[in-house]
Structures are given as C-alpha cells and as structure tokens.
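Raw contents of work-v1.cif, mmCIF, C-alpha atoms:
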```cif
data_upload
#
loop_
_atom_site.label_atom_id
_atom_site.label_comp_id
_atom_site.auth_asym_id
_atom_site.auth_seq_id
_atom_site.Cartn_x
_atom_site.Cartn_y
_atom_site.Cartn_z
CA MET A 280 -10.19 22.18 30.96
CA ILE A 281 -9.13 20.59 27.68
CA ARG A 282 -5.48 20.64 28.78
CA TYR A 283 -6.43 18.77 31.93
CA LEU A 284 -8.34 16.17 29.88
CA ILE A 285 -5.43 15.71 27.47
CA LYS A 286 -2.99 15.28 30.36
CA ASN A 287 -5.30 12.81 32.10
CA ASN A 288 -5.80 10.80 28.89
CA PHE A 289 -2.05 10.59 28.40
CA LYS A 290 -1.71 9.08 31.87
CA ILE A 291 -4.47 6.57 31.20
CA MET A 292 -2.90 5.37 27.95
CA PHE A 293 0.58 5.04 29.45
CA ARG A 294 -0.89 2.85 32.17
CA ASN A 295 -1.70 0.42 29.37
CA ALA A 296 1.88 0.30 28.11
CA MET A 297 1.46 -3.18 26.58
CA ASN A 298 -0.74 -1.76 23.83
CA ILE A 299 1.96 0.76 22.93
CA LEU A 300 4.68 -1.88 23.17
CA MET A 301 2.71 -4.06 20.77
CA LEU A 302 2.87 -1.30 18.14
CA VAL A 303 6.65 -1.34 18.53
CA LEU A 304 7.35 -5.08 18.60
CA ALA A 305 4.70 -6.48 16.23
CA PRO A 306 5.94 -4.64 13.11
CA LEU A 307 9.55 -5.55 13.94
CA ALA A 308 8.70 -9.25 14.18
CA VAL A 309 6.80 -9.25 10.88
CA ILE A 310 9.52 -7.24 9.11
CA ALA A 311 12.21 -9.66 10.31
CA VAL A 312 10.31 -12.70 9.04
CA LEU A 313 9.01 -11.41 5.70
CA SER A 314 12.08 -9.46 4.62
CA SER A 315 14.09 -12.68 4.87
CA ALA A 316 11.43 -15.02 3.46
CA PHE A 317 10.81 -12.91 0.34
CA SER A 318 14.31 -11.61 -0.27
CA ALA A 319 14.58 -13.48 -3.59
CA LEU A 320 11.23 -12.17 -4.82
CA MET A 321 12.14 -8.56 -4.09
CA GLU A 322 15.69 -8.53 -5.45
CA LYS A 323 16.63 -5.14 -6.72
CA TYR A 324 16.09 -4.61 -10.41
CA GLU A 325 19.29 -4.21 -12.37
CA ASP A 326 19.57 -2.78 -15.84
CA THR A 327 19.93 -5.77 -18.12
CA GLY A 328 20.85 -3.77 -21.21
CA SER A 329 19.61 -4.76 -24.66
CA PHE A 330 18.63 -8.37 -25.32
CA ASN A 331 16.59 -10.53 -27.68
CA VAL A 332 13.34 -12.32 -26.89
CA GLY A 333 11.95 -15.14 -28.97
CA TYR A 334 8.27 -15.37 -29.79
CA ARG A 335 5.78 -17.57 -31.56
CA ILE A 336 2.17 -16.91 -32.52
CA GLU A 337 -0.29 -19.79 -32.39
CA GLY A 338 -3.49 -19.12 -34.30
CA ASP A 339 -4.44 -15.92 -36.09
CA GLU A 340 -2.02 -13.02 -35.91
CA ASN A 341 -3.08 -9.42 -35.40
CA THR A 342 -0.19 -7.56 -37.04
CA ALA A 343 -1.19 -4.13 -35.75
CA ILE A 344 -1.17 -5.23 -32.12
CA THR A 345 2.00 -7.30 -32.26
CA GLN A 346 3.85 -4.55 -34.12
CA ALA A 347 2.77 -1.99 -31.51
CA LEU A 348 4.08 -4.25 -28.75
CA PHE A 349 7.36 -4.90 -30.57
CA ASP A 350 7.90 -1.17 -31.17
CA ILE A 351 7.41 -0.42 -27.47
CA ALA A 352 9.75 -3.26 -26.51
CA LYS A 353 12.42 -2.01 -28.94
CA ASP A 354 12.39 1.39 -27.24
CA GLN A 355 13.25 -0.46 -24.02
CA GLY A 356 16.12 -2.36 -25.62
CA ILE A 357 14.14 -5.56 -26.19
CA THR A 358 14.11 -7.06 -29.68
CA PHE A 359 11.53 -9.74 -30.51
CA VAL A 360 12.78 -12.50 -32.83
CA ARG A 361 10.29 -14.92 -34.37
CA TYR A 362 10.79 -18.70 -34.13
CA ASP A 363 8.11 -20.83 -35.76
CA SER A 364 9.56 -24.13 -34.54
CA GLY A 365 11.66 -25.54 -31.73
CA ASP A 366 11.24 -26.06 -28.01
CA GLU A 367 10.85 -22.75 -26.17
CA LYS A 368 13.14 -23.59 -23.27
CA ASP A 369 15.81 -25.00 -25.58
CA LEU A 370 15.69 -21.89 -27.74
CA VAL A 371 16.11 -19.64 -24.70
CA ARG A 372 19.24 -21.56 -23.76
CA THR A 373 20.81 -22.20 -27.18
CA GLU A 374 20.03 -18.81 -28.72
CA SER A 375 20.96 -16.82 -25.59
CA LEU A 376 17.52 -15.25 -25.43
CA GLY A 377 16.26 -13.18 -22.53
CA GLY A 378 13.01 -15.14 -22.68
CA PHE A 379 10.44 -16.63 -24.99
CA VAL A 380 6.79 -15.62 -25.45
CA VAL A 381 4.07 -17.77 -26.98
CA PHE A 382 0.99 -15.79 -28.01
CA SER A 383 -2.16 -17.88 -28.31
CA GLY A 384 -5.47 -16.17 -28.97
CA ASP A 385 -6.14 -13.80 -26.09
CA SER A 386 -3.48 -15.30 -23.80
CA TYR A 387 0.29 -15.58 -23.67
CA THR A 388 2.98 -17.63 -21.92
CA VAL A 389 6.42 -16.31 -20.95
CA TYR A 390 9.38 -18.70 -20.64
CA GLU A 391 12.35 -17.43 -18.66
CA LYS A 392 15.96 -18.50 -18.17
CA ASP A 393 16.81 -20.85 -15.35
CA GLU A 394 19.32 -18.23 -14.16
CA SER A 395 17.55 -15.03 -15.08
CA LYS A 396 19.18 -11.63 -14.66
CA GLY A 397 15.78 -9.96 -14.76
CA GLU A 398 15.11 -10.16 -18.50
CA GLY A 399 12.19 -12.55 -18.14
CA GLN A 400 10.54 -10.47 -15.43
CA MET A 401 11.02 -7.35 -17.51
CA VAL A 402 9.40 -8.94 -20.55
CA GLU A 403 6.51 -10.32 -18.52
CA TYR A 404 5.86 -6.95 -16.90
CA LEU A 405 5.98 -5.14 -20.23
CA ILE A 406 3.53 -7.52 -21.91
CA HIS A 407 1.21 -7.50 -18.89
CA ALA A 408 1.24 -3.69 -18.82
CA PHE A 409 0.68 -3.57 -22.57
CA PHE A 410 -2.52 -5.58 -22.47
CA GLU A 411 -3.82 -4.28 -19.12
CA LYS A 412 -3.20 -0.57 -19.56
CA ALA A 413 -4.12 -0.45 -23.22
CA SER A 414 -7.04 -2.88 -22.83
CA VAL A 415 -6.19 -4.68 -26.05
CA TYR A 416 -5.99 -8.40 -26.74
CA MET A 417 -4.98 -10.58 -29.62
CA ASN A 418 -8.53 -10.65 -30.95
CA GLY A 419 -8.72 -8.00 -33.63
CA ARG A 420 -9.41 -4.86 -31.60
CA THR A 421 -7.87 -1.61 -32.78
CA VAL A 422 -4.77 -0.23 -31.09
CA PRO A 423 -5.28 3.05 -29.18
CA GLU A 424 -3.09 5.94 -30.21
CA SER A 425 -1.58 6.10 -26.73
CA ILE A 426 0.24 2.84 -27.37
CA ASN A 427 1.76 3.98 -30.63
CA GLU A 428 2.89 7.17 -28.95
CA GLY A 429 4.84 5.11 -26.44
CA LEU A 430 3.01 6.45 -23.38
CA LEU A 431 2.79 2.99 -21.89
CA VAL A 432 6.56 2.65 -21.94
CA SER A 433 7.03 5.89 -20.05
CA GLU A 434 4.69 4.72 -17.31
CA LYS A 435 6.34 1.33 -17.13
CA ALA A 436 9.83 2.75 -16.87
CA GLU A 437 8.84 5.32 -14.26
CA HIS A 438 7.17 2.81 -11.93
CA MET A 439 9.77 0.04 -11.93
CA PRO A 440 11.09 0.72 -8.43
CA GLU A 441 14.42 -0.62 -7.28
CA ILE A 442 13.62 -1.88 -3.79
CA ASP A 443 14.51 -5.00 -1.86
CA SER A 444 12.39 -6.97 0.60
CA THR A 445 13.92 -5.33 3.68
CA ASP A 446 13.08 -1.82 2.55
CA TYR A 447 9.66 -2.77 1.21
CA TYR A 448 8.40 -4.72 4.22
CA GLY A 449 10.24 -2.42 6.61
CA ILE A 450 8.16 0.45 5.27
CA ILE A 451 4.75 -1.03 4.55
CA TYR A 452 4.38 -2.86 7.88
CA VAL A 453 5.21 0.25 9.86
CA ILE A 454 2.44 1.92 7.87
CA TYR A 455 0.04 -1.02 8.27
CA PHE A 456 0.37 -1.17 12.05
CA SER A 457 0.14 2.61 12.30
CA TRP A 458 -3.43 2.22 11.00
CA CYS A 459 -4.17 0.03 14.04
CA THR A 460 -4.13 3.18 16.17
CA ILE A 461 -7.38 2.21 17.90
CA VAL A 462 -5.49 -0.45 19.92
CA CYS A 463 -3.85 2.25 22.02
CA GLY A 464 -7.26 3.75 22.77
CA ALA A 465 -8.58 0.57 24.41
CA GLY A 466 -7.47 1.55 27.90
CA LEU A 467 -8.78 5.08 27.42
CA PHE A 468 -12.23 3.88 26.36
CA ALA A 469 -12.36 1.32 29.19
CA ALA A 470 -11.53 4.02 31.75
CA GLU A 471 -14.14 6.31 30.21
CA LYS A 472 -16.78 3.63 30.76
CA ARG A 473 -15.57 2.57 34.20
CA TYR A 474 -15.41 6.04 35.72
CA ARG A 475 -18.36 7.50 33.76
CA ILE A 476 -16.13 10.27 32.45
CA LYS A 477 -18.62 11.12 29.72
CA ASN A 478 -21.34 11.91 32.27
CA LYS A 479 -18.98 14.12 34.27
CA ILE A 480 -17.99 15.99 31.12
CA MET A 481 -21.64 16.66 30.32
CA VAL A 482 -22.11 18.25 33.74
CA SER A 483 -18.96 20.36 33.36
CA GLY A 484 -20.21 21.93 30.15
CA VAL A 485 -17.19 21.00 28.01
CA SER A 486 -18.21 20.94 24.35
CA GLU A 487 -18.27 17.70 22.39
CA CYS A 488 -15.59 19.07 20.05
CA LYS A 489 -13.16 19.71 22.92
CA PHE A 490 -13.94 16.32 24.46
CA TYR A 491 -13.19 14.72 21.09
CA LEU A 492 -9.90 16.60 20.65
CA ALA A 493 -8.90 15.64 24.20
CA LYS A 494 -8.94 12.02 23.02
CA LEU A 495 -7.64 12.42 19.45
CA ILE A 496 -4.56 14.48 20.35
CA PRO A 497 -3.05 12.16 22.99
CA LEU A 498 -4.06 9.07 21.02
CA THR A 499 -2.26 10.37 17.91
CA LEU A 500 0.85 11.47 19.80
CA VAL A 501 1.17 8.22 21.76
CA VAL A 502 0.89 6.14 18.58
CA CYS A 503 3.39 8.45 16.85
CA ALA A 504 5.83 7.83 19.69
CA GLY A 505 5.41 4.05 19.42
CA ILE A 506 5.67 3.98 15.63
CA SER A 507 8.70 6.31 15.72
CA ALA A 508 10.45 3.96 18.15
CA CYS A 509 9.63 1.01 15.90
CA THR A 510 10.95 2.87 12.84
CA VAL A 511 14.22 3.85 14.51
CA ILE A 512 14.79 0.29 15.73
CA SER A 513 14.04 -1.17 12.28
CA VAL A 514 16.51 1.24 10.69
CA CYS A 515 19.20 0.29 13.19
CA LEU A 516 18.55 -3.46 13.15
CA PHE A 517 17.64 -4.11 9.52
CA GLY A 518 18.97 -1.05 7.71
CA VAL A 519 15.56 -0.01 6.34
CA HIS A 520 15.93 2.97 4.02
CA TRP A 521 13.06 5.48 4.11
CA GLY A 522 14.28 7.95 1.51
CA ASN A 523 12.98 11.47 2.18
CA VAL A 524 12.57 11.39 5.95
CA LEU A 525 10.42 14.52 6.28
CA TRP A 526 7.88 13.53 3.63
CA SER A 527 7.82 9.95 4.89
CA ALA A 528 7.18 11.17 8.44
CA ALA A 529 4.40 13.43 7.16
CA LEU A 530 2.79 10.46 5.37
CA VAL A 531 2.87 8.25 8.45
CA PHE A 532 1.67 11.04 10.77
CA ALA A 533 -1.24 11.85 8.45
CA GLY A 534 -2.14 8.16 8.34
CA ILE A 535 -2.06 7.85 12.14
CA LEU A 536 -4.25 10.95 12.47
CA ALA A 537 -6.73 9.53 9.96
CA ALA A 538 -6.75 6.13 11.67
CA GLY A 539 -7.31 7.73 15.07
CA ALA A 540 -10.16 9.86 13.77
CA MET A 541 -11.75 6.83 12.10
CA GLY A 542 -11.51 4.75 15.28
CA LEU A 543 -13.03 7.52 17.41
CA MET A 544 -15.84 7.93 14.89
CA PHE A 545 -16.82 4.28 15.10
CA TYR A 546 -16.58 4.39 18.89
CA SER A 547 -18.83 7.45 18.98
CA ILE A 548 -21.35 5.63 16.79
CA PHE A 549 -21.31 2.20 18.45
CA ASP A 550 -20.33 3.25 21.99
CA ASN A 551 -18.82 -0.23 22.23
CA MET A 552 -15.09 -0.99 22.20
CA ALA A 553 -15.40 -4.56 20.91
CA MET A 554 -17.57 -3.55 17.95
CA THR A 555 -15.25 -0.62 17.19
CA VAL A 556 -12.15 -2.83 17.12
CA ILE A 557 -13.85 -5.43 14.90
CA VAL A 558 -15.02 -2.87 12.33
CA VAL A 559 -11.73 -0.95 12.28
CA PHE A 560 -9.61 -4.09 11.97
CA MET A 561 -11.79 -5.41 9.15
CA LEU A 562 -11.39 -2.15 7.24
CA VAL A 563 -7.65 -1.95 7.85
CA TRP A 564 -7.19 -5.60 6.81
CA VAL A 565 -9.10 -5.09 3.55
CA TRP A 566 -7.26 -1.84 2.83
CA GLY A 567 -3.95 -3.53 3.60
CA PHE A 568 -4.82 -6.49 1.37
CA LEU A 569 -5.64 -4.20 -1.55
CA GLY A 570 -2.81 -1.77 -0.79
CA GLY A 571 0.16 -4.14 -0.81
CA SER A 572 0.57 -5.03 2.86
CA PHE A 573 0.27 -8.78 2.24
CA GLU A 574 1.08 -8.93 -1.47
CA THR A 575 3.43 -6.38 -2.98
CA TYR A 576 1.39 -3.83 -4.89
CA MET A 577 3.92 -4.02 -7.75
CA PHE A 578 3.19 -7.70 -8.40
CA SER A 579 -0.44 -7.68 -7.28
CA GLY A 580 -3.02 -9.04 -9.70
CA HIS A 581 -5.69 -6.55 -8.60
CA ALA A 582 -6.77 -3.96 -11.14
CA GLU A 583 -5.42 -0.47 -10.52
CA PHE A 584 -8.83 1.02 -9.74
CA ILE A 585 -9.35 -1.68 -7.08
CA LYS A 586 -6.06 -0.78 -5.39
CA GLN A 587 -7.00 2.88 -5.43
CA LEU A 588 -9.97 2.15 -3.16
CA SER A 589 -7.47 1.69 -0.33
CA PRO A 590 -5.96 4.74 1.43
CA ILE A 591 -3.14 2.45 2.58
CA TYR A 592 -2.22 1.84 -1.07
CA TYR A 593 -1.50 5.53 -1.61
CA GLU A 594 0.56 5.73 1.58
CA ASN A 595 2.47 2.53 0.80
CA ARG A 596 3.22 3.56 -2.75
CA ALA A 597 4.26 7.08 -1.82
CA ALA A 598 6.63 5.89 0.93
CA VAL A 599 8.10 3.07 -1.17
CA GLU A 600 8.71 5.33 -4.16
CA LEU A 601 10.30 7.95 -1.89
CA SER A 602 12.63 5.22 -0.68
CA CYS A 603 13.65 3.85 -4.06
CA MET A 604 13.28 6.87 -6.36
CA GLY A 605 13.49 9.84 -4.01
CA LYS A 606 10.16 11.24 -5.25
CA SER A 607 6.57 10.17 -5.74
CA ASP A 608 3.45 11.62 -7.32
CA TYR A 609 1.46 9.75 -4.66
CA VAL A 610 2.67 11.86 -1.72
CA SER A 611 0.13 14.62 -2.28
CA LYS A 612 -2.62 12.09 -3.03
CA SER A 613 -1.91 10.18 0.17
CA LEU A 614 -1.82 13.32 2.31
CA LEU A 615 -5.04 14.56 0.73
CA ILE A 616 -6.88 11.28 1.31
CA SER A 617 -5.66 10.98 4.90
CA GLY A 618 -6.69 14.59 5.48
CA LEU A 619 -10.17 13.98 4.07
CA ILE A 620 -10.61 10.90 6.24
CA THR A 621 -9.55 12.90 9.31
CA VAL A 622 -11.94 15.77 8.61
CA ILE A 623 -14.92 13.61 7.67
CA CYS A 624 -14.48 11.16 10.54
CA SER A 625 -13.90 13.97 13.05
CA ALA A 626 -17.06 15.77 11.96
CA ALA A 627 -19.05 12.52 12.11
CA SER A 628 -17.62 11.70 15.55
CA VAL A 629 -18.51 15.11 17.01
CA PHE A 630 -21.96 14.94 15.44
CA ALA A 631 -22.63 11.43 16.78
CA GLY A 632 -21.38 12.44 20.23
CA THR A 633 -23.59 15.51 20.26
CA ILE A 634 -26.66 13.46 19.32
CA ARG A 635 -25.85 10.88 22.00
CA ARG A 636 -25.30 13.64 24.59
CA ARG A 637 -28.69 15.19 23.80
CA GLY A 638 -30.30 11.79 24.15
CA ARG A 639 -28.88 11.47 27.66
CA ALA A 640 -29.79 15.01 28.67
#
```
For this file, produce the structure as structure tokens.
Amino acid sequence: MIRYLIKNNFKIMFRNAMNILMLVLAPLAVIAVLSSAFSALMEKYEDTGSFNVGYRIEGDENTAITQALFDIAKDQGITFVRYDSGDEKDLVRTESLGGFVVFSGDSYTVYEKDESKGEGQMVEYLIHAFFEKASVYMNGRTVPESINEGLLVSEKAEHMPEIDSTDYYGIIYVIYFSWCTIVCGAGLFAAEKRYRIKNKIMVSGVSECKFYLAKLIPLTLVVCAGISACTVISVCLFGVHWGNVLWSAALVFAGILAAGAMGLMFYSIFDNMAMTVIVVFMLVWVWGFLGGSFETYMFSGHAEFIKQLSPIYYENRAAVELSCMGKSDYVSKSLLISGLITVICSAASVFAGTIRRRGRA
C-alpha cells in the first residue's frame, strides 16, 4: 500500500512541475546577480607577506592588552609601528604601511590603502577577532591566558577561507532554496484536500507513520532532483566549485530531508497549506539571515552564538569550507543538526496526525 501511495504522490507532484522548476531557476537567477554584484567584496584572499601597520593611542594606554595584540599580530607577519603625530592616511601612503589603527578608549578605527592588497582587511579582521573572541577592551581588563598562548591566531588563520563571490553565492543559495522544500508539496497537499485522501487512508487502515513516509519520501526525492539539476547547471554556467562532492551532497540531502520533515510537521499541526508556508518561510528567512544567505557569515556582525541558532549557518559554513579548504569541522555538526530536526519533526508530525485521526474517528 505504501508503495502505491508513494507512486501516486510522485505523479501528483510532477503534475505541478512549475514548483519544481522554480527550485531550479530561482537559485540560478539569484546566483547570477549576486555573484557579479559582490565580486569585489568576495575577492580571494592572497597572502600579503609581512608588512608594517602604524598605530596611535588616544587617551590612556593599557600596555598589557596592546602588547598581547602586537604579539599576536607579529606571529602573523604584521608589525605595529607607533606614530604619535601625522595624518593617518598620509602616513599609510608615505611610509608604505599596510594600514593605520587609531585606538581610542574602547573603540578603534582602521585606515586602509586606497589600493589595498588585503593588508587592511587582514588587520581589521585580526583586531576585531582579538576584542570579540577574547572579550577584552582598552579599559583596563586583564588579558586571558588564551590570548597570550596565541590560540586566537590559530582560529583566525584556520577560518580565513579563500572563496570568491561565485563559489560563495553559488553554494549558499542552492542550500537556501533547498530549505524551501515545502513549495513542492503544495500540489500534494491541495490534492489531499480536494480528493479527501486522508479520509480514504483512515478507512484503509494504513498507519499514520506509513502515510507520513509516503509523503516525505517523494517530496525529498523530487526536491533533490530539482536541486541537483540547479547545481549541475550552476557548475556548468558559472563554474561553481563545491569541493568534496560526496560530503557536499550529503549536507544538502540532509538539509532537504530536515526541511521536508519540518514542513510536514507544520502541515500536520495546522492542517492548512497557507499557514504552513507562512511559518516555514519565516523560519527559513530568519535562519538564512543569521546563517549567511543574505550577508556573508564571514563578514557578518552577528555574534557567533547568534549565528549558531541557525541550522542553515552550519550547512553554509560546512559547504563553503569544503569548497575553499577541502575540509570542515562543521560537516558533522550540520549533519547532526539536520538529523535531529528530521527525527524530532517526523515524530511530532506522526503524533499530530495520530491525534487528528482519532479526533475524526
């Protein structure tokens, strides 16, 4: 019986081919626009070698903190040179500096070259990471041992991915739209209502679990087919590089499965397609916003623990790091989170369906 339901659900979804086609064309259109528009922002990082950076301290100086920062910078080939006078921009140009930093109280300003080779961005990232990760400011707080041990530098160096806009947006928008799996279920849910399939299933004695799987399996496979077509086309048209293909495919498949399970859960709870789409799209938009779909997670101003609230962040980061570094510690985390979402949402969906079925009995 379940094989018949799966086959029938496949037919219903393919009758609504526009929904599937949208999953193919929409990511391609967004990738084409954004990869070109933000090509300068996402230029690949190139090793700049050793260079000097000027600095000035306005107000009281905390020697312990500044020395810790300078020691970390020196390990990265950056030497801080103090200038107590002179215009910052002029000094950058005349002294051939990679940048200039003005520390003032608990804030700082970074001046970069007009034609930067990446030195200014490197300095800005290092200082930002120093104060954010170590939670220290120029206000007299003690310096944690982790800074002096250079742990911050190791993290900074490891997570400075070399990726351009085409690869980044070509990956994260395939992932983002794969979380919109529920779109392909619209025709299936409409047919279920129109032909009272649920009532017929209740009479046939098919369990709620089998009825649920008969929807999840074809929904997942149809979306996988659409996303796979989109991915292949993006690789051929734009040259998107996915890195480890097998792990990347596993990440996207796990995300599609989780998205499908989540959509079916909300549909089982609300029994209303419009409400289901609204709730799912709101969640996916928020997760995408926090996870780097609209603002690159590397340059995002959100705190790390905020980003980690988004399952899309883990999937984005894992896939991007696989592309630019060939490995990622976030692969297992992403697969685990997607798996948990699938299991929890599936259990909730079956439970809600069982309760609703008993109410109709």
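The shortest atom-to-atom distance to A:Leu516, with only C-alpha atoms taken into account, belongs to A:Gly449 out of A:Gly449, A:Tyr362, A:Ile591, A:Lys606.
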Using the chain letters and numbers from the file, which residues does the PyMOL selection byres ((chain A and resi 482-492) around 10) grab, as a compact mmCIF listing (two decimals) with C-alpha atoms, in the frame of the given file?
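Below you can see result25.txt, which holds the result:
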```txt
# COMPACT_ATOMS: atom_id res chain seq x y z
CA MET A 280 -10.19 22.18 30.96
CA ILE A 281 -9.13 20.59 27.68
CA ARG A 282 -5.48 20.64 28.78
CA LEU A 284 -8.34 16.17 29.88
CA ILE A 285 -5.43 15.71 27.47
CA LYS A 477 -18.62 11.12 29.72
CA ASN A 478 -21.34 11.91 32.27
CA LYS A 479 -18.98 14.12 34.27
CA ILE A 480 -17.99 15.99 31.12
CA MET A 481 -21.64 16.66 30.32
CA ALA A 493 -8.90 15.64 24.20
CA LYS A 494 -8.94 12.02 23.02
CA LEU A 495 -7.64 12.42 19.45
CA ILE A 496 -4.56 14.48 20.35
CA PRO A 497 -3.05 12.16 22.99
CA LEU A 498 -4.06 9.07 21.02
CA ALA A 540 -10.16 9.86 13.77
CA LEU A 543 -13.03 7.52 17.41
CA MET A 544 -15.84 7.93 14.89
CA SER A 547 -18.83 7.45 18.98
CA SER A 625 -13.90 13.97 13.05
CA ALA A 626 -17.06 15.77 11.96
CA SER A 628 -17.62 11.70 15.55
CA VAL A 629 -18.51 15.11 17.01
CA PHE A 630 -21.96 14.94 15.44
CA ALA A 631 -22.63 11.43 16.78
CA GLY A 632 -21.38 12.44 20.23
CA THR A 633 -23.59 15.51 20.26
CA ILE A 634 -26.66 13.46 19.32
CA ARG A 636 -25.30 13.64 24.59
CA ALA A 640 -29.79 15.01 28.67
```
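Ranking A:Lys586, A:Ala469, A:Ser457, A:Phe359 by their shortest atom-to-atom distance to A:Glu574, with all atoms listed in the file included, puts A:Lys586 first.
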* Have a look at A:Phe330, A:Ile450, A:Leu530, A:Arg635 and name the one nearest to A:Thr510; count all atoms listed in the file. => A:Ile450
* **Result set, the PyMOL selection byres ((chain A and resi 556) around 10) on current file, as a ChimeraX atom specification** => /A:459,461-462,464-465,542,545-546,551-555,557-562
* To do: I would like the residues chosen by the PyMOL selection byres ((chain A and resi 610-616) around 7) on the shown file; could you give them as a PyMOL selection string?
  => chain A and resi 530+533+590+593-594+597+607-609+617-620
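Atom CA of A:Phe568 is found 8.8 Å from atom CA of A:Ser589.
Atom pair atom CA of A:Ile406 / atom CA of A:Phe382 has a distance of 10.6 Å (rounded to one decimal).
Counting from atom CA of A:Asp369, the distance to atom CA of A:Ser329 is 20.6 Å.
The nearest approach to A:Val502 among the residues A:Thr460, A:Asn331, A:Ser527, A:Ser572, with all atoms listed in the file taken into account, belongs to A:Thr460.
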* **A:Val360 environment, 7 Å, all atoms listed in the file, sequence neighbours closer than 4 positions dropped, as a PyMOL selection string** => chain A and resi 331-334
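Across A:Glu471, A:Glu337, A:Asp446, A:Glu583, the tightest approach to A:Gly384 is made by A:Glu337 when counting all atoms listed in the file.
Using all atoms listed in the file, the smallest distance between any of A:Thr373, A:Cys463, A:Ile344, A:Ser444 and A:Met297 comes from A:Cys463.
For the point (3.4, -8.8, -34.3), the residues with at least one atom inside 10 Å, counting only C-alpha atoms, are Tyr334, Arg335, Ile336, Glu340, Asn341, Thr342, Ala343, Ile344, Thr345, Gln346, Ala347, Leu348, Phe349, Asp350, Phe359, Arg361, Phe382 and Met417 of chain A.
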